[in-house]
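Peer 1: Provided herewith is a single structure, encoded as structure tokens, for subsequent inquiry.
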Amino acid sequence: MRTMLRMYTQEQGSALSSVLIVLVIVTLFIGGILGGVVLQLRFIQRDINHQHLMYEAEGELFRFFHQRTLSDVPLDTTFVTIPSSNHRIQTRVRYHGGFIQTTSRIESNRNPITIHALFGDRPDSVFNRAVVVSDSNSTLSLAGSTRIRGNITGGIQDLTTNSFKGFPFSGAFDGEFEREAPSFPNLAFSYIQEQITSFEDVFSSSSTGIASAKSLAEGAQRNAQRVMIGTDQEVSRPVSFGNTRTETVFVRGNLLVSSMLELPPYSMLVVEDSLIVDGAVSGEHVVIYAGSYLGLTGTSKVSGQLLSNGPISISGDTYLTYPSAILSNKEFSGTGESYSIRLQDKAILDGTLLYPFRTGQINPAAFRVVIDTSATVRGALYTNGQTQLQGTVLGSVLTHQFYFYESPTDYINWIKDANIDVNQRPDRFIVPMGFRVNPTYTIVDWREEYE
């Protein structure tokens, strides 16, 4: 009897311990769930606060661009807004080659956020044609293996397919010839010329706030916002500005890049005289300027806008990724080159090629845009001069005249052995600013940085 009583008492104590253990486990489980819910709510609130700050930064950009014509956008301006007592937004708007770059820095109780954006313009409907010719004094002739897909329009009187020196036309035209032509667009590019003038002013005056270095390698170590490199440089070993805060690299005299040169996103490389790259240059959304001559060959792969007061030559396996642009500001001949812009070998431009000057009557060859046999433009080619096209344009060609030469004859408004296909133009294609007074400011690139 006593043994049974003792067993009953022990079983009561064991049950109590089991209940307590279960209660502890349940409490920990519920606490874990509640803790997870609280943590999740904090993450959600942080995301909400983050989105709220993003919307405020976007709102500042919208208010700045709203109903603002291109001429109303200053070359470089900064403004500050304080939406609330615990955060402020500093916004910088500046022209960046043919596009507009904005930098919004959001300072709040948490770590600062920097938003970089690049804006271009939606192309006008004239860019939906494969070929637009502004010359109204001749007929456009297709010869050789020329293949054109898309409509042809402009001031030309007629469109024909012709045999050439006994060889019949072997190409194809898949489109319509529009006799009622839209107006040939004009490119207002004074904002690009103003940027070029500001580059030249740096070399001609003693500018303050610019660090100095004897070489590009030393300049990269300086980690300065703007750095001036000594006269006549050669990059024979890899140099990287990729992890620096450098915004503009100035080089006096000439620059030869025979190795690798990496530039930070949204930066500018400004060379006083000539720039020759037979190695490789890389970077995202960079501006590259050379005063008298700009030549890229080798294996460069860069998203960049190439500007020069002289001729520009792109060759080798160079690949200018979207949304790149090329613009020559060469209005007068003086370099001895027989072109203003030339793509040759296997060079590829994903973007827009621009030559806005009307061809001179005395020496038109000095102002010609040349696309050689294996070269490709994917986007648009625009020139008020002559276009010598034997390569490929996957997009539209807007030109004053076409040209090619075969001894002993110059052929005006003949297209021979070329390929143009407007249907292969990149989706959501964006052009640089300047074709419309009231542009549709369109985001080309958007990226966020967290400190």
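By convention here, the chains of the structure tokens are called A, B, ... in the order presented, each chain's residues are numbered starting at 1, and ligands are numbered starting at 1 in the order presented.
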For segment 161-163 of chain A, find every residue with an atom within 10 Å (counting only C-alpha atoms), except residues of its own chain fewer than 3 positions away, and show them as a list in words.
Peer 2: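 With the cut-off at 10 Å, the set is Leu140, Ser141, Leu142, Ala143, Gly144, Thr146, Gly166, Phe167, Pro168, Phe169, Ser170, Gly171, Ala172, Phe173, Trp414, Ile415 and Lys416 of chain A.
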Peer 1: Export N, CA and C atoms of the chosen residues as a JSON list (two decimals), in the first residue's frame?
Peer 2:
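To be explicit, this is the file written out as result-v4.json:
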[["chain", "number", "residue", "atom", "x", "y", "z"],
["A", 140, "LEU", "N", 17.75, 58.48, -105.64],
["A", 140, "LEU", "CA", 18.47, 57.54, -104.81],
["A", 140, "LEU", "C", 18.55, 56.20, -105.55],
["A", 141, "SER", "N", 19.77, 55.69, -105.74],
["A", 141, "SER", "CA", 19.99, 54.46, -106.50],
["A", 141, "SER", "C", 20.51, 53.37, -105.59],
["A", 142, "LEU", "N", 19.89, 52.19, -105.67],
["A", 142, "LEU", "CA", 20.33, 51.01, -104.93],
["A", 142, "LEU", "C", 21.07, 50.09, -105.89],
["A", 143, "ALA", "N", 22.27, 49.63, -105.48],
["A", 143, "ALA", "CA", 23.08, 48.83, -106.37],
["A", 143, "ALA", "C", 23.78, 47.72, -105.59],
["A", 144, "GLY", "N", 24.33, 46.76, -106.33],
["A", 144, "GLY", "CA", 25.07, 45.68, -105.71],
["A", 144, "GLY", "C", 24.17, 44.79, -104.87],
["A", 146, "THR", "N", 22.88, 45.57, -101.90],
["A", 146, "THR", "CA", 22.21, 46.39, -100.90],
["A", 146, "THR", "C", 20.86, 45.81, -100.51],
["A", 166, "GLY", "N", 27.83, 46.39, -115.23],
["A", 166, "GLY", "CA", 27.45, 45.11, -115.81],
["A", 166, "GLY", "C", 26.90, 44.09, -114.83],
["A", 167, "PHE", "N", 26.99, 44.36, -113.52],
["A", 167, "PHE", "CA", 26.47, 43.43, -112.52],
["A", 167, "PHE", "C", 25.08, 43.90, -112.09],
["A", 168, "PRO", "N", 24.05, 43.06, -112.24],
["A", 168, "PRO", "CA", 22.69, 43.47, -111.89],
["A", 168, "PRO", "C", 22.52, 43.62, -110.38],
["A", 169, "PHE", "N", 21.50, 44.34, -110.01],
["A", 169, "PHE", "CA", 21.17, 44.52, -108.59],
["A", 169, "PHE", "C", 20.75, 43.17, -108.00],
["A", 170, "SER", "N", 21.39, 42.76, -106.92],
["A", 170, "SER", "CA", 21.13, 41.45, -106.32],
["A", 170, "SER", "C", 20.59, 41.55, -104.90],
["A", 171, "GLY", "N", 20.28, 42.77, -104.46],
["A", 171, "GLY", "CA", 19.79, 42.96, -103.11],
["A", 171, "GLY", "C", 18.28, 42.92, -103.03],
["A", 172, "ALA", "N", 17.73, 43.65, -102.06],
["A", 172, "ALA", "CA", 16.28, 43.66, -101.87],
["A", 172, "ALA", "C", 15.87, 44.93, -101.14],
["A", 173, "PHE", "N", 14.63, 45.37, -101.43],
["A", 173, "PHE", "CA", 14.05, 46.51, -100.72],
["A", 173, "PHE", "C", 12.68, 46.09, -100.22],
["A", 414, "TRP", "N", 24.10, 57.07, -104.25],
["A", 414, "TRP", "CA", 24.10, 55.64, -104.56],
["A", 414, "TRP", "C", 24.41, 54.90, -103.26],
["A", 415, "ILE", "N", 23.67, 53.80, -103.05],
["A", 415, "ILE", "CA", 23.97, 52.90, -101.92],
["A", 415, "ILE", "C", 24.34, 51.55, -102.52],
["A", 416, "LYS", "N", 25.58, 51.12, -102.28],
["A", 416, "LYS", "CA", 26.06, 49.88, -102.89],
["A", 416, "LYS", "C", 26.60, 48.94, -101.80]]
Peer 1: Please list as a PyMOL selection string every residue within 9 Å of segment 300-316 of chain A, counting only C-alpha atoms and excluding residues in the same chain fewer than 6 positions away.
Peer 2: chain A and resi 96-98+192+196+260+274+277-294+322-335+337-350+366-367+375
Peer 1: Could you find all residues in segment 70-179 of chain A that DSSP calls strand (DSSP E or B) from the backbone, and write them as JSON, numbers by chain?
Peer 2: {"A": [76, 77, 78, 79, 80, 81, 82, 83, 84, 87, 88, 89, 90, 91, 92, 93, 94, 95, 96, 99, 100, 101, 102, 103, 104, 105, 106, 107, 113, 114, 115, 116, 117, 118, 119, 120, 121, 131, 132, 133, 140, 141, 142, 143, 147, 148, 149, 152, 153, 154, 159, 160, 161, 164, 167, 172, 173, 174, 177, 178]}
Peer 1: Taking the chain letters and numbering used in this document, name the residues of segment 87-222 of chain A that DSSP puts in helix (DSSP H, G or I), as a PyMOL selection string.
Peer 2: chain A and resi 125-128+190-204+216-222
Peer 1: If you count only C-alpha atoms, which residues fall within 8 Å of segment 430-443 of chain A, apart from same-chain ones fewer than 6 positions away, as a PyMOL selection string?
Peer 2: chain A and resi 65+67-71+98-100+117-124+185-189+323+325+351-352
Peer 1: Ranking A:Phe184, A:Ile420, A:Thr197, A:Asn243 by minimum distance to Pro356 of chain A and counting only C-alpha atoms, which one comes first?
Peer 2: A:Phe184
Peer 1: So, counting only C-alpha atoms, which residue among A:Arg428, A:Arg92, A:His87, A:Arg147 is closest to Val393 of chain A?
Peer 2: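 Smallest separation from Val393 of chain A among the options: A:Arg147.
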Peer 1: Give me the residues within 8 Å of segment 132-135 of chain A as a PyMOL selection string, counting only C-alpha atoms and dropping any in the same chain fewer than 2 places off.
Peer 2: chain A and resi 126+129-130+137-138+152-156+184+396-401
Peer 1: Could you check which of A:Asn384, A:Asn423, A:Ser108, A:Ser259 is closest to Ser240 of chain A, using only C-alpha atoms?
Peer 2: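 Of A:Asn384, A:Asn423, A:Ser108, A:Ser259, the one nearest Ser240 of chain A is A:Ser259, counting only C-alpha atoms.
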Peer 1: Env of segment 212-226 of chain A: 6 Å cut, atoms = only C-alpha atoms, seq-sep filter 4 positions within chain, self excluded. Answer as a JSON list (two decimals) with N, CA, C and O atoms, in the first residue's frame.
Peer 2:
[["chain", "number", "residue", "atom", "x", "y", "z"],
["A", 230, "GLY", "N", 49.93, 65.10, -66.14],
["A", 230, "GLY", "CA", 50.99, 65.78, -66.88],
["A", 230, "GLY", "C", 50.96, 65.52, -68.37],
["A", 230, "GLY", "O", 50.26, 64.63, -68.87],
["A", 239, "VAL", "N", 45.63, 50.47, -65.53],
["A", 239, "VAL", "CA", 45.31, 51.54, -64.58],
["A", 239, "VAL", "C", 43.81, 51.53, -64.35],
["A", 239, "VAL", "O", 43.03, 51.49, -65.31],
["A", 241, "PHE", "N", 40.60, 53.46, -62.33],
["A", 241, "PHE", "CA", 39.94, 54.47, -61.51],
["A", 241, "PHE", "C", 38.61, 53.94, -60.98],
["A", 241, "PHE", "O", 37.82, 54.68, -60.43],
["A", 244, "THR", "N", 37.43, 54.60, -57.38],
["A", 244, "THR", "CA", 37.71, 55.94, -56.86],
["A", 244, "THR", "C", 36.49, 56.83, -56.99],
["A", 244, "THR", "O", 35.51, 56.47, -57.62],
["A", 245, "ARG", "N", 36.57, 57.99, -56.39],
["A", 245, "ARG", "CA", 35.48, 58.97, -56.50],
["A", 245, "ARG", "C", 35.76, 59.99, -57.61],
["A", 245, "ARG", "O", 35.11, 61.04, -57.67],
["A", 246, "THR", "N", 36.71, 59.68, -58.47],
["A", 246, "THR", "CA", 37.11, 60.61, -59.53],
["A", 246, "THR", "C", 35.96, 60.84, -60.51],
["A", 246, "THR", "O", 35.35, 59.91, -61.01],
["A", 247, "GLU", "N", 35.72, 62.10, -60.78],
["A", 247, "GLU", "CA", 34.65, 62.50, -61.69],
["A", 247, "GLU", "C", 35.19, 62.87, -63.06],
["A", 247, "GLU", "O", 34.58, 62.56, -64.09],
["A", 248, "THR", "N", 36.34, 63.56, -63.10],
["A", 248, "THR", "CA", 36.93, 63.99, -64.36],
["A", 248, "THR", "C", 38.44, 63.82, -64.32],
["A", 248, "THR", "O", 39.09, 64.24, -63.37]]
